[in-house]
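Chemist: Sending over upload34.txt (compact mmCIF, C-alpha atoms and all ligand atoms).
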```
# COMPACT_ATOMS: atom_id res chain seq x y z
CA MET A 1 -28.51 -63.29 -182.68
CA GLU A 2 -30.77 -62.90 -179.62
CA SER A 3 -29.36 -66.00 -177.94
CA GLY A 4 -25.82 -64.64 -178.54
CA LEU A 5 -26.80 -61.32 -176.94
CA LYS A 6 -28.51 -62.98 -173.98
CA LYS A 7 -25.27 -63.79 -172.18
CA TYR A 8 -24.41 -60.07 -172.16
CA GLY A 9 -27.87 -59.13 -170.81
CA LEU A 10 -28.63 -57.31 -174.08
CA THR A 11 -31.35 -57.47 -176.72
CA LEU A 12 -32.23 -55.79 -180.02
CA ARG A 13 -35.83 -56.05 -178.77
CA HIS A 14 -37.20 -56.48 -182.30
CA PHE A 15 -39.56 -59.43 -182.52
CA PRO A 16 -41.77 -59.60 -185.62
CA GLN A 17 -44.29 -62.45 -185.47
CA SER A 18 -42.13 -64.13 -188.15
CA PHE A 19 -39.08 -63.84 -185.83
CA GLU A 20 -38.16 -67.54 -185.78
CA HIS A 21 -37.92 -67.75 -189.59
CA SER A 22 -36.60 -64.29 -190.54
CA THR A 23 -33.22 -62.52 -190.60
CA LEU A 24 -31.75 -59.12 -189.70
CA GLY A 25 -31.08 -58.45 -193.41
CA GLY A 26 -34.69 -59.36 -194.23
CA TRP A 27 -36.06 -57.12 -191.46
CA ILE A 28 -34.08 -54.16 -192.80
CA ALA A 29 -34.92 -54.96 -196.42
CA THR A 30 -38.66 -55.17 -195.64
CA ARG A 31 -38.80 -52.38 -193.04
CA SER A 32 -40.29 -54.78 -190.53
CA GLY A 33 -42.33 -53.93 -187.46
CA GLY A 34 -41.61 -55.68 -184.17
CA HIS A 35 -43.97 -57.06 -181.56
CA PHE A 36 -43.58 -54.00 -179.30
CA ALA A 37 -46.46 -51.73 -180.02
CA THR A 38 -45.29 -48.18 -179.34
CA LEU A 39 -42.18 -46.01 -179.65
CA TYR A 40 -39.48 -48.12 -181.42
CA THR A 41 -41.71 -50.36 -183.52
CA HIS A 42 -39.99 -50.41 -186.92
CA ILE A 43 -36.47 -51.64 -187.63
CA ASP A 44 -35.80 -48.11 -188.99
CA ASP A 45 -35.55 -46.91 -185.38
CA LEU A 46 -32.99 -49.57 -184.44
CA VAL A 47 -30.51 -49.29 -187.33
CA GLU A 48 -27.28 -47.30 -186.89
CA ASN A 49 -25.73 -47.93 -190.29
CA ILE A 50 -25.99 -50.31 -193.26
CA SER A 51 -23.72 -51.82 -195.92
CA MET A 52 -25.30 -52.85 -199.19
CA VAL A 53 -23.78 -54.57 -202.22
CA SER A 54 -25.38 -53.83 -205.58
CA PRO A 55 -24.24 -54.80 -209.10
CA ASN A 56 -22.58 -51.35 -209.24
CA GLY A 57 -20.52 -51.80 -206.05
CA LYS A 58 -20.72 -51.41 -202.28
CA MET A 59 -22.39 -48.62 -200.30
CA ASN A 60 -21.75 -47.95 -196.55
CA SER A 61 -23.59 -45.35 -194.53
CA LEU A 62 -21.85 -43.33 -191.79
CA ARG A 63 -22.26 -44.85 -188.32
CA VAL A 64 -23.33 -42.06 -185.94
CA PRO A 65 -26.11 -41.82 -183.30
CA GLY A 66 -28.01 -39.22 -185.31
CA SER A 67 -27.51 -37.02 -188.35
CA GLY A 68 -29.18 -34.11 -190.09
CA ALA A 69 -26.94 -34.32 -193.15
CA GLY A 70 -29.36 -34.37 -196.08
CA PRO A 71 -31.54 -37.29 -197.22
CA SER A 72 -30.60 -40.43 -195.27
CA PRO A 73 -28.76 -43.25 -197.10
CA ASP A 74 -30.11 -45.67 -194.45
CA ARG A 75 -33.69 -44.62 -195.22
CA PHE A 76 -32.98 -45.30 -198.90
CA MET A 77 -31.75 -48.85 -198.23
CA ILE A 78 -34.33 -49.72 -195.52
CA GLY A 79 -37.41 -51.13 -197.25
CA SER A 80 -35.71 -51.53 -200.63
CA GLU A 81 -36.71 -55.26 -200.58
CA GLY A 82 -33.65 -56.46 -202.46
CA SER A 83 -34.45 -54.27 -205.48
CA MET A 84 -31.32 -52.09 -205.11
CA GLY A 85 -28.83 -54.58 -203.65
CA ILE A 86 -28.13 -57.08 -200.88
CA ILE A 87 -27.82 -55.76 -197.33
CA THR A 88 -24.70 -57.49 -196.03
CA ASP A 89 -23.89 -55.73 -192.72
CA ALA A 90 -25.61 -53.48 -190.23
CA TRP A 91 -24.85 -51.92 -186.86
CA VAL A 92 -27.94 -51.92 -184.69
CA LYS A 93 -28.89 -50.30 -181.39
CA LEU A 94 -29.08 -52.73 -178.47
CA GLN A 95 -30.79 -52.34 -175.12
CA LYS A 96 -30.45 -53.96 -171.71
CA LYS A 97 -32.87 -56.83 -171.21
CA PRO A 98 -35.90 -55.66 -169.22
CA LYS A 99 -36.10 -56.57 -165.51
CA PHE A 100 -39.39 -54.93 -164.55
CA LYS A 101 -42.49 -56.23 -166.35
CA ALA A 102 -46.25 -55.90 -165.87
CA THR A 103 -49.27 -56.81 -168.02
CA ALA A 104 -52.94 -55.97 -167.55
CA GLY A 105 -56.10 -56.90 -169.48
CA TYR A 106 -59.37 -54.96 -169.85
CA LEU A 107 -62.64 -55.83 -171.59
CA TYR A 108 -64.79 -53.36 -173.54
CA SER A 109 -68.33 -53.69 -174.83
CA ASP A 110 -67.28 -52.29 -178.23
CA PHE A 111 -64.17 -51.87 -180.38
CA LEU A 112 -64.40 -48.09 -180.77
CA SER A 113 -64.44 -47.42 -177.00
CA ALA A 114 -61.35 -49.59 -176.68
CA ALA A 115 -59.78 -47.59 -179.54
CA GLN A 116 -60.41 -44.38 -177.59
CA ALA A 117 -58.59 -45.86 -174.59
CA VAL A 118 -55.62 -46.73 -176.86
CA LYS A 119 -55.64 -43.16 -178.17
CA SER A 120 -55.53 -41.67 -174.68
CA ILE A 121 -52.68 -43.99 -173.58
CA SER A 122 -50.78 -43.28 -176.82
CA GLN A 123 -51.10 -39.54 -176.32
CA ALA A 124 -50.17 -39.62 -172.61
CA GLY A 125 -46.45 -40.13 -173.30
CA LEU A 126 -46.46 -43.50 -171.49
CA TYR A 127 -45.12 -45.62 -174.39
CA PRO A 128 -46.15 -49.09 -173.16
CA ALA A 129 -44.31 -52.10 -174.60
CA ASN A 130 -47.70 -53.29 -175.73
CA VAL A 131 -51.10 -51.71 -176.13
CA ARG A 132 -53.22 -53.96 -178.32
CA ILE A 133 -56.94 -54.24 -178.76
CA VAL A 134 -58.45 -57.39 -180.23
CA ASP A 135 -62.07 -57.47 -181.39
CA ASP A 136 -64.68 -60.08 -180.44
CA VAL A 137 -64.51 -61.74 -183.89
CA GLU A 138 -60.80 -62.54 -183.56
CA LEU A 139 -61.22 -63.66 -179.94
CA LYS A 140 -64.06 -66.04 -180.89
CA ILE A 141 -62.39 -67.47 -184.01
CA ASN A 142 -59.32 -68.28 -181.92
CA SER A 143 -61.36 -69.66 -178.99
CA ALA A 144 -59.95 -66.97 -176.68
CA SER A 145 -63.42 -65.80 -175.61
CA LYS A 146 -67.07 -66.75 -176.08
CA GLY A 147 -68.43 -63.27 -175.37
CA SER A 148 -68.85 -60.15 -177.47
CA ASN A 149 -66.18 -58.06 -175.74
CA THR A 150 -63.11 -56.38 -177.18
CA LEU A 151 -59.91 -57.17 -175.28
CA MET A 152 -57.24 -54.59 -174.46
CA ILE A 153 -53.77 -55.78 -173.45
CA VAL A 154 -51.39 -53.27 -171.87
CA SER A 155 -47.81 -54.18 -170.93
CA PHE A 156 -44.89 -52.20 -169.64
CA GLU A 157 -41.28 -53.29 -169.24
CA ASN A 158 -38.03 -51.61 -168.31
CA ALA A 159 -34.44 -52.52 -167.47
CA ASP A 160 -33.91 -49.61 -165.10
CA HIS A 161 -36.91 -48.63 -163.03
CA ASN A 162 -40.16 -49.84 -161.55
CA ILE A 163 -43.02 -49.36 -164.02
CA ASP A 164 -45.93 -49.36 -161.52
CA PRO A 165 -46.62 -45.59 -161.90
CA TRP A 166 -46.82 -45.98 -165.71
CA ILE A 167 -49.20 -48.95 -165.72
CA SER A 168 -51.30 -47.31 -162.99
CA ARG A 169 -51.77 -44.24 -165.19
CA ALA A 170 -52.52 -46.43 -168.24
CA GLU A 171 -55.16 -48.24 -166.18
CA GLU A 172 -56.86 -44.91 -165.44
CA CYS A 173 -57.04 -44.26 -169.21
CA CYS A 174 -58.50 -47.77 -169.75
CA LEU A 175 -61.16 -47.39 -167.04
CA ASP A 176 -62.04 -43.84 -168.20
CA HIS A 177 -63.23 -45.35 -171.50
CA GLY A 178 -65.38 -48.11 -169.99
CA GLY A 179 -62.82 -50.89 -169.56
CA ILE A 180 -63.50 -53.67 -167.05
CA ILE A 181 -60.51 -55.47 -165.53
CA ASP A 182 -59.93 -58.89 -167.14
CA VAL A 183 -56.50 -59.50 -165.58
CA ASP A 184 -55.07 -57.47 -162.71
CA TRP A 185 -51.36 -56.60 -162.97
CA ARG A 186 -50.82 -55.95 -159.25
CA ASN A 187 -48.43 -58.47 -157.62
CA ASN A 188 -49.12 -60.78 -160.54
CA PRO A 189 -46.01 -61.81 -162.53
CA LEU A 190 -48.06 -64.40 -164.46
CA SER A 191 -50.78 -61.96 -165.56
CA ASN A 192 -49.85 -62.33 -169.25
CA GLN A 193 -50.80 -66.02 -169.04
CA GLN A 194 -54.19 -65.50 -167.36
CA GLY A 195 -57.77 -64.71 -168.38
CA THR A 196 -58.64 -63.60 -171.91
CA VAL A 197 -55.14 -62.09 -172.19
CA GLY A 198 -53.51 -65.51 -171.67
CA ALA A 199 -55.98 -67.29 -173.98
CA TRP A 200 -55.38 -64.79 -176.80
CA ARG A 201 -51.59 -64.90 -176.30
CA GLU A 202 -51.62 -68.70 -176.67
CA ALA A 203 -53.72 -68.37 -179.83
CA PHE A 204 -51.49 -65.59 -181.24
CA ILE A 205 -48.41 -67.82 -181.13
CA LYS A 206 -50.24 -70.57 -183.07
CA MET A 207 -52.13 -68.31 -185.53
CA PRO A 208 -49.67 -68.42 -188.47
CA TYR A 209 -49.73 -72.23 -188.36
CA ASN A 210 -53.55 -72.49 -188.39
CA ARG A 211 -53.57 -71.72 -192.11
CA GLU A 212 -51.87 -75.07 -192.74
CA GLN A 213 -55.06 -76.70 -191.39
CA LEU A 214 -57.55 -74.32 -193.01
CA THR A 215 -56.28 -74.22 -196.62
CA PRO A 216 -56.74 -77.99 -197.23
CA ARG A 217 -60.32 -77.51 -195.95
CA ASN A 218 -60.92 -74.83 -198.63
CA ILE A 219 -61.06 -72.02 -196.08
CA ILE A 220 -59.33 -68.82 -197.17
CA SER A 221 -57.60 -67.23 -194.18
CA ASP A 222 -55.40 -64.18 -194.59
CA THR A 223 -54.51 -60.84 -193.01
CA PHE A 224 -53.83 -57.28 -194.13
CA GLU A 225 -52.55 -54.40 -192.07
CA THR A 226 -52.26 -50.66 -192.37
CA SER A 227 -52.14 -47.43 -190.38
CA ILE A 228 -54.36 -44.37 -190.31
CA THR A 229 -54.49 -41.08 -188.41
CA TRP A 230 -56.95 -40.88 -185.50
CA GLU A 231 -59.32 -38.37 -187.11
CA LYS A 232 -59.93 -40.76 -190.03
CA PHE A 233 -59.96 -43.95 -187.98
CA ASP A 234 -63.70 -44.53 -187.23
CA ASN A 235 -64.79 -44.01 -190.84
CA PHE A 236 -61.83 -46.03 -192.14
CA TYR A 237 -62.48 -48.96 -189.81
CA HIS A 238 -66.20 -49.24 -190.69
CA ASN A 239 -65.67 -48.90 -194.43
CA VAL A 240 -62.73 -51.30 -194.74
CA LYS A 241 -64.49 -53.93 -192.61
CA ILE A 242 -67.80 -53.63 -194.49
CA SER A 243 -66.12 -53.54 -197.94
CA THR A 244 -64.21 -56.73 -197.14
CA GLU A 245 -67.30 -58.49 -195.72
CA LEU A 246 -69.33 -57.52 -198.82
CA ALA A 247 -66.53 -58.65 -201.13
CA ILE A 248 -66.40 -62.08 -199.46
CA LYS A 249 -70.20 -62.49 -199.82
CA GLU A 250 -70.20 -61.36 -203.44
CA ILE A 251 -67.16 -63.40 -204.52
CA THR A 252 -67.78 -66.68 -202.67
CA GLY A 253 -71.59 -66.48 -202.35
CA LYS A 254 -71.29 -67.02 -198.58
CA SER A 255 -70.77 -64.76 -195.59
CA GLY A 256 -67.28 -64.85 -194.12
CA ALA A 257 -65.66 -63.22 -191.10
CA VAL A 258 -63.53 -60.09 -190.87
CA SER A 259 -61.79 -59.24 -187.61
CA CYS A 260 -59.62 -56.34 -186.48
CA ARG A 261 -56.99 -55.66 -183.85
CA PHE A 262 -54.42 -52.92 -183.35
CA SER A 263 -50.91 -54.26 -183.81
CA HIS A 264 -49.19 -50.93 -183.07
CA SER A 265 -50.23 -47.51 -181.91
CA TYR A 266 -48.76 -44.03 -182.23
CA PRO A 267 -49.78 -40.71 -180.69
CA ASN A 268 -51.21 -39.71 -184.10
CA GLY A 269 -52.95 -42.96 -185.03
CA PRO A 270 -53.24 -46.74 -184.79
CA ALA A 271 -52.06 -49.58 -187.03
CA PRO A 272 -55.23 -51.68 -187.59
CA TYR A 273 -54.58 -55.32 -188.49
CA PHE A 274 -57.47 -57.11 -190.21
CA ALA A 275 -57.95 -60.86 -190.72
CA PHE A 276 -60.47 -62.39 -193.11
CA HIS A 277 -61.84 -65.91 -193.40
CA ALA A 278 -64.00 -67.20 -196.25
CA ASN A 279 -65.37 -70.54 -197.39
CA SER A 280 -64.29 -71.41 -200.91
CA THR A 281 -63.71 -74.44 -203.14
CA GLU A 282 -60.52 -76.14 -204.27
CA GLU A 283 -61.11 -74.98 -207.86
CA THR A 284 -61.87 -71.31 -207.11
CA MET A 285 -59.78 -70.69 -203.99
CA LEU A 286 -56.84 -68.88 -205.56
CA GLU A 287 -58.98 -66.59 -207.73
CA ASP A 288 -61.39 -65.93 -204.81
CA TRP A 289 -58.43 -64.91 -202.64
CA VAL A 290 -57.06 -62.61 -205.37
CA GLN A 291 -60.42 -60.84 -205.68
CA ILE A 292 -61.02 -60.48 -201.91
CA LYS A 293 -57.47 -59.22 -201.40
CA ARG A 294 -57.96 -56.72 -204.25
CA SER A 295 -61.22 -55.39 -202.75
CA ALA A 296 -59.68 -55.05 -199.29
CA SER A 297 -56.60 -53.27 -200.69
CA ASP A 298 -58.81 -50.94 -202.76
CA ALA A 299 -60.74 -50.03 -199.59
CA VAL A 300 -57.56 -49.43 -197.56
CA HIS A 301 -56.29 -47.10 -200.29
CA LYS A 302 -59.64 -45.36 -200.87
CA TYR A 303 -60.20 -44.52 -197.19
CA GLY A 304 -56.68 -43.14 -196.66
CA GLY A 305 -54.56 -45.94 -195.14
CA THR A 306 -51.13 -47.15 -196.23
CA ILE A 307 -51.10 -50.40 -198.19
CA THR A 308 -48.86 -51.88 -195.50
CA HIS A 309 -47.69 -50.88 -192.05
CA HIS A 310 -45.15 -53.72 -191.71
CA HIS A 311 -45.82 -56.65 -194.07
CA ALA A 312 -43.89 -54.93 -196.91
CA ILE A 313 -44.71 -54.46 -200.62
CA GLY A 314 -43.44 -57.44 -202.61
CA ARG A 315 -45.63 -58.18 -205.59
CA ASP A 316 -49.00 -58.45 -203.77
CA HIS A 317 -49.04 -54.76 -202.75
CA SER A 318 -47.15 -53.24 -205.66
CA HIS A 319 -50.25 -51.85 -207.46
CA TRP A 320 -51.42 -49.83 -204.42
CA TYR A 321 -47.87 -48.85 -203.37
CA LYS A 322 -47.41 -47.18 -206.75
CA LYS A 323 -50.71 -45.33 -206.27
CA GLN A 324 -49.79 -44.02 -202.81
CA ARG A 325 -46.20 -42.93 -203.51
CA PRO A 326 -45.64 -39.60 -205.29
CA ASP A 327 -45.01 -40.09 -209.05
CA ASP A 328 -41.73 -38.19 -208.87
CA PHE A 329 -40.54 -40.43 -206.05
CA GLY A 330 -41.22 -43.45 -208.28
CA LYS A 331 -39.09 -41.85 -211.00
CA ILE A 332 -36.27 -41.14 -208.52
CA LEU A 333 -36.33 -44.80 -207.42
CA TYR A 334 -36.29 -45.91 -211.07
CA ASN A 335 -33.23 -43.76 -211.78
CA ALA A 336 -31.50 -45.01 -208.62
CA LYS A 337 -32.13 -48.60 -209.68
CA GLU A 338 -30.86 -47.91 -213.19
CA TYR A 339 -27.61 -46.62 -211.65
CA LEU A 340 -27.15 -49.37 -209.02
CA ASP A 341 -28.54 -52.28 -211.05
CA PRO A 342 -28.26 -51.36 -214.76
CA LYS A 343 -29.44 -54.80 -215.94
CA PHE A 344 -32.43 -54.82 -213.54
CA ILE A 345 -31.47 -58.22 -212.14
CA MET A 346 -32.12 -57.44 -208.45
CA ASN A 347 -35.56 -58.73 -207.39
CA PRO A 348 -37.25 -57.73 -210.68
CA GLY A 349 -40.80 -56.39 -210.40
CA VAL A 350 -40.46 -55.38 -206.74
CA ILE A 351 -40.52 -51.67 -205.68
CA VAL A 352 -39.34 -50.57 -209.17
CA ASP A 353 -40.13 -52.09 -212.57
C1 LIG A 401 -46.70 -65.58 -190.38
C2 LIG A 401 -46.00 -64.31 -190.70
C3 LIG A 401 -45.94 -63.31 -189.73
C4 LIG A 401 -45.29 -62.12 -190.03
N1 LIG A 401 -45.20 -61.18 -189.04
C5 LIG A 401 -44.57 -60.03 -189.29
C6 LIG A 401 -44.45 -59.03 -188.27
O1 LIG A 401 -44.90 -59.20 -187.14
N2 LIG A 401 -43.81 -57.89 -188.60
C7 LIG A 401 -43.28 -57.69 -189.84
O2 LIG A 401 -42.70 -56.66 -190.08
N3 LIG A 401 -43.39 -58.61 -190.80
C8 LIG A 401 -44.00 -59.77 -190.57
N4 LIG A 401 -44.07 -60.70 -191.56
C9 LIG A 401 -43.48 -60.41 -192.89
C10 LIG A 401 -41.98 -60.83 -193.04
O3 LIG A 401 -41.76 -62.07 -192.46
C11 LIG A 401 -41.06 -59.85 -192.39
O4 LIG A 401 -41.25 -58.59 -192.99
C12 LIG A 401 -39.55 -60.20 -192.36
O5 LIG A 401 -38.86 -59.03 -191.98
C13 LIG A 401 -38.94 -60.70 -193.63
O6 LIG A 401 -37.60 -61.10 -193.35
P1 LIG A 401 -36.96 -62.43 -193.99
O7 LIG A 401 -35.56 -62.53 -193.48
O8 LIG A 401 -37.88 -63.58 -193.73
O9 LIG A 401 -36.97 -62.04 -195.51
P2 LIG A 401 -37.49 -62.88 -196.77
O10 LIG A 401 -38.93 -63.22 -196.60
O11 LIG A 401 -36.53 -63.96 -197.06
O12 LIG A 401 -37.36 -61.76 -197.90
C14 LIG A 401 -38.27 -60.69 -197.94
C15 LIG A 401 -37.79 -59.71 -199.01
O13 LIG A 401 -36.60 -59.06 -198.58
C16 LIG A 401 -35.53 -59.34 -199.48
N5 LIG A 401 -34.34 -59.60 -198.66
C17 LIG A 401 -34.19 -60.53 -197.68
N6 LIG A 401 -32.96 -60.44 -197.13
C18 LIG A 401 -32.33 -59.42 -197.76
C19 LIG A 401 -31.04 -58.81 -197.65
N7 LIG A 401 -30.12 -59.24 -196.77
N8 LIG A 401 -30.74 -57.78 -198.48
C20 LIG A 401 -31.62 -57.33 -199.39
N9 LIG A 401 -32.86 -57.86 -199.54
C21 LIG A 401 -33.21 -58.89 -198.74
C22 LIG A 401 -35.96 -60.55 -200.29
O14 LIG A 401 -35.42 -60.50 -201.59
C23 LIG A 401 -37.47 -60.37 -200.33
O15 LIG A 401 -37.85 -59.47 -201.35
C24 LIG A 401 -44.71 -61.90 -191.31
C25 LIG A 401 -44.78 -62.92 -192.26
C26 LIG A 401 -45.41 -64.11 -191.97
C27 LIG A 401 -45.44 -65.18 -193.01
```
What does the file become when written as structure tokens?

Modeler:
Amino acid sequence: MESGLKKYGLTLRHFPQSFEHSTLGGWIATRSGGHFATLYTHIDDLVENISMVSPNGKMNSLRVPGSGAGPSPDRFMIGSEGSMGIITDAWVKLQKKPKFKATAGYLYSDFLSAAQAVKSISQAGLYPANVRIVDDVELKINSASKGSNTLMIVSFENADHNIDPWISRAEECCLDHGGIIDVDWRNNPLSNQQGTVGAWREAFIKMPYNREQLTPRNIISDTFETSITWEKFDNFYHNVKISTELAIKEITGKSGAVSCRFSHSYPNGPAPYFAFHANSTEETMLEDWVQIKRSASDAVHKYGGTITHHHAIGRDHSHWYKKQRPDDFGKILYNAKEYLDPKFIMNPGVIVD
């Protein structure tokens, strides 16, 4: 799709990390989040209308730029994960490919100061294409840094106008909170390939494939992601990290590693993305993973986060999804499924059972 759009100078500008193996229908069905970290992050923001085929027939939503006409049929179909029907067609909102681009990197002595810088950028109305922070644990595990600093990456891009004033203002926010320049954006079109920024970017592209090497060596390596409002963030971050570290120690008998980055950020809160790594054995690996995942998910739920910001529900997150959604909403979904899919043949056990 993107290569077809390229010749017209257009893009959907939605790039989940799973981009190369995923589909537009899958993005809509799982309510995916793209690589761009602010403003239009979820596919929800990019969909104009949807057609869905269920055992009961076909449903099309009205294609308009915006509507205040009651509950949205699109919002009902987006995130339904195949439980209500198959998404067969969608109109989506395209943009011109960006011409102006700039990336900067800053280092912080601790994760929470970097988080404060993200908060001030997110609340300044700047909407960078990217504003990520990556903690020292993730940087070290991926050989992107040997030190104990947190990395902040800030990028802006635009098809229409020069973005220097925006990145200059974002830099002020970064420096106000103790950031030290890692990579300077000024007159530097290759800044995203340099310094700690470049080293982490290289590692990020390879990360999903590392598991292929780690699993045969009996190393559990997985991620979970969420979002939380700013006023709860500090407490949430400490408790989720500590709960997961303790769970790894208790379950495997050995200390593991838990890292955190922000994948997305909103004016009212960040989307923290945790990774955990634990030594296990061939015999116990699956059960160890189940228990660590359960402890981490319990902590995310207990301290107020959503069970997923963009990885979707499926079967792994179903237990906590049912706890966080209102009971009546669950009943409404059940009745909708009964109408659309009376024999419950569409993705049984997902979203509704
Ligand atoms: C390494 C890795 C990185 C990832 N990174 C991201 C990320 O950055 N952002 C993100 O949001 N997610 C990410 N994901 C999760 C997932 O890949 C995405 O959510 C993606 O949108 C799924 O799309 P797909 O086409 O691969 O769907 P599939 O994985 O094939 O299906 C996912 C679910 O959607 C249903 N489904 C698929 N197509 C349709 C359709 N046309 N109609 C109805 N139901 C359908 C399936 O039945 C299934 O329940 C990642 C996953 C992996 C493994």

Chemist: What are the closest atom pairs, with distances in Å to one decimal, for each residue of chain A lying within 6 Å of ligand LIG 401 (chain A), using only C-alpha atoms and all ligand atoms, rows by chain and rising residue number, as a tab-separated table?

Modeler:
```
residue	atom	partner	partner_atom	distance
A:Pro16	CA	A:LIG401	O1	3.5
A:Gln17	CA	A:LIG401	O1	3.7
A:Ser18	CA	A:LIG401	C4	4.2
A:His21	CA	A:LIG401	O8	5.9
A:Ser22	CA	A:LIG401	O8	3.5
A:Thr23	CA	A:LIG401	O7	3.7
A:Gly25	CA	A:LIG401	N7	3.6
A:Gly26	CA	A:LIG401	O7	3.4
A:Trp27	CA	A:LIG401	O5	3.4
A:Ala29	CA	A:LIG401	N9	4.7
A:Thr30	CA	A:LIG401	O4	5.0
A:Ser32	CA	A:LIG401	O2	3.1
A:Gly33	CA	A:LIG401	O2	3.8
A:Gly34	CA	A:LIG401	N2	5.4
A:Glu81	CA	A:LIG401	O13	4.3
A:Gly82	CA	A:LIG401	N9	3.3
A:Gly85	CA	A:LIG401	C20	5.8
A:Ile86	CA	A:LIG401	N8	3.6
A:Ile87	CA	A:LIG401	N8	3.7
A:Thr88	CA	A:LIG401	N7	5.7
A:Pro208	CA	A:LIG401	C1	4.5
A:His310	CA	A:LIG401	O2	4.2
A:His311	CA	A:LIG401	N3	4.5
A:Ala312	CA	A:LIG401	O4	6.0
```

Chemist: Please write the residues from the selection above to a file, keeping C-alpha atoms, as a PDB file, keeping the file's coordinate frame.

Modeler:
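The resulting result-v9.pdb:
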```pdb
ATOM      1  CA  PRO A  16     -41.770 -59.600-185.620  1.00  0.00           C
ATOM      2  CA  GLN A  17     -44.290 -62.450-185.470  1.00  0.00           C
ATOM      3  CA  SER A  18     -42.130 -64.130-188.150  1.00  0.00           C
ATOM      4  CA  HIS A  21     -37.920 -67.750-189.590  1.00  0.00           C
ATOM      5  CA  SER A  22     -36.600 -64.290-190.540  1.00  0.00           C
ATOM      6  CA  THR A  23     -33.220 -62.520-190.600  1.00  0.00           C
ATOM      7  CA  GLY A  25     -31.080 -58.450-193.410  1.00  0.00           C
ATOM      8  CA  GLY A  26     -34.690 -59.360-194.230  1.00  0.00           C
ATOM      9  CA  TRP A  27     -36.060 -57.120-191.460  1.00  0.00           C
ATOM     10  CA  ALA A  29     -34.920 -54.960-196.420  1.00  0.00           C
ATOM     11  CA  THR A  30     -38.660 -55.170-195.640  1.00  0.00           C
ATOM     12  CA  SER A  32     -40.290 -54.780-190.530  1.00  0.00           C
ATOM     13  CA  GLY A  33     -42.330 -53.930-187.460  1.00  0.00           C
ATOM     14  CA  GLY A  34     -41.610 -55.680-184.170  1.00  0.00           C
ATOM     15  CA  GLU A  81     -36.710 -55.260-200.580  1.00  0.00           C
ATOM     16  CA  GLY A  82     -33.650 -56.460-202.460  1.00  0.00           C
ATOM     17  CA  GLY A  85     -28.830 -54.580-203.650  1.00  0.00           C
ATOM     18  CA  ILE A  86     -28.130 -57.080-200.880  1.00  0.00           C
ATOM     19  CA  ILE A  87     -27.820 -55.760-197.330  1.00  0.00           C
ATOM     20  CA  THR A  88     -24.700 -57.490-196.030  1.00  0.00           C
ATOM     21  CA  PRO A 208     -49.670 -68.420-188.470  1.00  0.00           C
ATOM     22  CA  HIS A 310     -45.150 -53.720-191.710  1.00  0.00           C
ATOM     23  CA  HIS A 311     -45.820 -56.650-194.070  1.00  0.00           C
ATOM     24  CA  ALA A 312     -43.890 -54.930-196.910  1.00  0.00           C
TER      25      ALA A 312
END
```

Chemist: Rounded to one decimal place, report the atom CA of Phe156 of chain A-atom CA of Thr103 of chain A distance in Å.

Modeler: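 Taking atom CA of Phe156 of chain A as the start and atom CA of Thr103 of chain A as the end point, the length is 6.6 Å.
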
Chemist: What is the distance between atom CA of Lys97 of chain A and atom CA of Asp160 of chain A, in Å to one decimal?

Modeler: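 The value is 9.5 Å.
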
Chemist: Quick one: pull the distance between atom CA of Asp341 of chain A and atom CA of Val53 of chain A, Å, one decimal.

Modeler: 10.3 Å

Chemist: Here's a test: counting all atoms listed in the file, identify every protein, DNA and RNA residue with an atom at most 10 Å from (-47.8, -56.0, -185.4) in the file's coordinate frame, and state them as a PyMOL selection string.

Modeler: chain A and resi 15-17+32-37+41-42+132+225-226+261-265+271-273+309-311

Chemist: Excluding Glu48 of chain A and residues on its chain fewer than 4 positions from it, collect all residues at most 9 Å away from it, counting only C-alpha atoms, and give them as an MDAnalysis selection string.

Modeler: chainID A and resid 44 61:66 74 90:93

Chemist: Determine, counting all atoms listed in the file, every residue of protein, DNA or RNA that lies within 7 Å of (-27.1, -56.9, -169.6) in the file coordinates, then give the result as a PDB file with C-alpha atoms, in the coordinates of the input.

Modeler:
```pdb
ATOM      1  CA  TYR A   8     -24.410 -60.070-172.160  1.00  0.00           C
ATOM      2  CA  GLY A   9     -27.870 -59.130-170.810  1.00  0.00           C
ATOM      3  CA  LEU A  10     -28.630 -57.310-174.080  1.00  0.00           C
ATOM      4  CA  LYS A  96     -30.450 -53.960-171.710  1.00  0.00           C
ATOM      5  CA  LYS A  97     -32.870 -56.830-171.210  1.00  0.00           C
TER       6      LYS A  97
END
```

Chemist: Do you know which residues are at most 10 Å from Asn188 of chain A counting all atoms listed in the file, after dropping those on the same chain fewer than 5 positions away, and could you put them as a list in words?

Modeler: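 Once the nearby chain positions are removed, what remains is Lys101, Ala102, Thr103, Ala104, Val183 and Gln194 of chain A.
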
Chemist: Residues near Thr196 of chain A, anyone? I mean within 7 Å using only C-alpha atoms, not counting same-chain ones fewer than 4 positions away, as a PyMOL selection string.

Modeler: chain A and resi 144-145+182+200

Chemist: Would you export the selected residues with C-alpha atoms as a short mmCIF file (atom, residue, chain, number, x, y, z; two decimals), in the frame of the given file, please?

Modeler:
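Once everything was written out, this is part-v2.cif:
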```
data_model
loop_
_atom_site.label_atom_id
_atom_site.label_comp_id
_atom_site.auth_asym_id
_atom_site.auth_seq_id
_atom_site.Cartn_x
_atom_site.Cartn_y
_atom_site.Cartn_z
CA ALA A 144 -59.95 -66.97 -176.68
CA SER A 145 -63.42 -65.80 -175.61
CA ASP A 182 -59.93 -58.89 -167.14
CA TRP A 200 -55.38 -64.79 -176.80
#
```

Chemist: Which of these, A:Ser227, A:Lys293, A:Tyr339, A:Met285, has the shortest distance to Gly57 of chain A once you count only C-alpha atoms?

Modeler: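 Ranking A:Ser227, A:Lys293, A:Tyr339, A:Met285 by distance to Gly57 of chain A, first place goes to A:Tyr339.
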